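Here is the structure we will look at, set down as structure tokens.
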Amino acid sequence: MSDFHVARRERQEPTAALVARVVAVFVLFLGGLVLIGAGASGNRDYSWALFAAGILVIALAFGLPMRGATER
């Protein structure tokens with residue numbers, strides 16, 4: 001079995017910073033969904049780029065909260 005533990009923080013961040021981070025990640029996720037939808041529904045020459053950008057933005061939205069996480 002994996003022995004994964006969350007590293008405890010010495011000092012908790014202010015509530016406003018946590019709320020701002022959650023809102024920013026949510027906006028990134030929704031923006032990525034919009035980009036994927038625009039890329040999948042359009043007949044433009046750059047539809048593939050919109051689709052790929054949407055995937056990258058969603059990956060960024062999932063990756064940002066993991067910044068600073070460690071495995072012991």
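Ordered as shown in the structure tokens, chains take letters A, B, and onward, while each chain numbers its residues from 1 and ligands are numbered from 1 in the order shown.
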
Distance query region 26-35 of chain A at most 8 Å, only C-alpha atoms, self and fewer than 2 positions along chain excluded, as a tab-separated table (two decimals) with N, CA and C atoms, in the first residue's frame:
chain	number	residue	atom	x	y	z
A	22	VAL	N	-9.52	29.20	-4.95
A	22	VAL	CA	-10.60	28.30	-5.37
A	22	VAL	C	-11.38	28.92	-6.53
A	23	VAL	N	-11.68	30.22	-6.44
A	23	VAL	CA	-12.42	30.89	-7.51
A	23	VAL	C	-11.58	30.92	-8.79
A	24	ALA	N	-10.29	31.20	-8.67
A	24	ALA	CA	-9.42	31.25	-9.84
A	24	ALA	C	-9.34	29.89	-10.53
A	37	GLY	N	-15.35	23.22	-25.93
A	37	GLY	CA	-16.61	23.29	-26.66
A	37	GLY	C	-16.49	24.10	-27.94
A	38	ALA	N	-15.78	25.21	-27.87
A	38	ALA	CA	-15.59	26.04	-29.07
A	38	ALA	C	-14.76	25.29	-30.11
A	39	GLY	N	-13.77	24.56	-29.67
A	39	GLY	CA	-12.94	23.81	-30.60
A	39	GLY	C	-13.66	22.63	-31.21
A	50	LEU	N	-7.95	25.46	-30.35
A	50	LEU	CA	-8.86	25.77	-29.24
A	50	LEU	C	-9.09	24.55	-28.38
A	51	PHE	N	-9.28	23.41	-29.02
A	51	PHE	CA	-9.49	22.17	-28.28
A	51	PHE	C	-8.27	21.82	-27.42
A	53	ALA	N	-5.91	23.87	-26.40
A	53	ALA	CA	-5.76	24.88	-25.35
A	53	ALA	C	-6.72	24.61	-24.20
A	54	GLY	N	-7.92	24.14	-24.51
A	54	GLY	CA	-8.87	23.80	-23.45
A	54	GLY	C	-8.37	22.67	-22.58
A	55	ILE	N	-7.78	21.67	-23.19
A	55	ILE	CA	-7.22	20.56	-22.41
A	55	ILE	C	-6.08	21.05	-21.52
A	56	LEU	N	-5.23	21.90	-22.06
A	56	LEU	CA	-4.12	22.43	-21.26
A	56	LEU	C	-4.60	23.30	-20.11
A	57	VAL	N	-5.62	24.11	-20.34
A	57	VAL	CA	-6.14	24.98	-19.28
A	57	VAL	C	-6.78	24.15	-18.17
A	58	ILE	N	-7.50	23.09	-18.53
A	58	ILE	CA	-8.09	22.22	-17.51
A	58	ILE	C	-6.99	21.50	-16.73
A	60	LEU	N	-4.06	22.67	-16.14
A	60	LEU	CA	-3.52	23.71	-15.25
A	60	LEU	C	-4.42	23.91	-14.05
A	61	ALA	N	-5.73	23.88	-14.27
A	61	ALA	CA	-6.68	24.05	-13.17
A	61	ALA	C	-6.55	22.92	-12.15

Check: So which residues of chain A fall under alpha helix (DSSP H) by DSSP, listed as a ChimeraX atom specification?
Finding: /A:15-41,47-63

Item checked: One-decimal distance in Å that lies between CA of Met66 (chain A) and CA of Ala49 (chain A) ->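 A separation of 25.9 Å between them.
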
Next item on the list: Have a look at CA of Val25 (chain A) and CA of Pro65 (chain A) and let me know their distance in Å, one decimal.
Entry: 7.9 Å

Margin query: Report, in Å to a single decimal, how far apart CA of Ile36 (chain A) and CA of Leu64 (chain A) are.
Written below: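 That distance, rounded to one decimal, is 19.5 Å.
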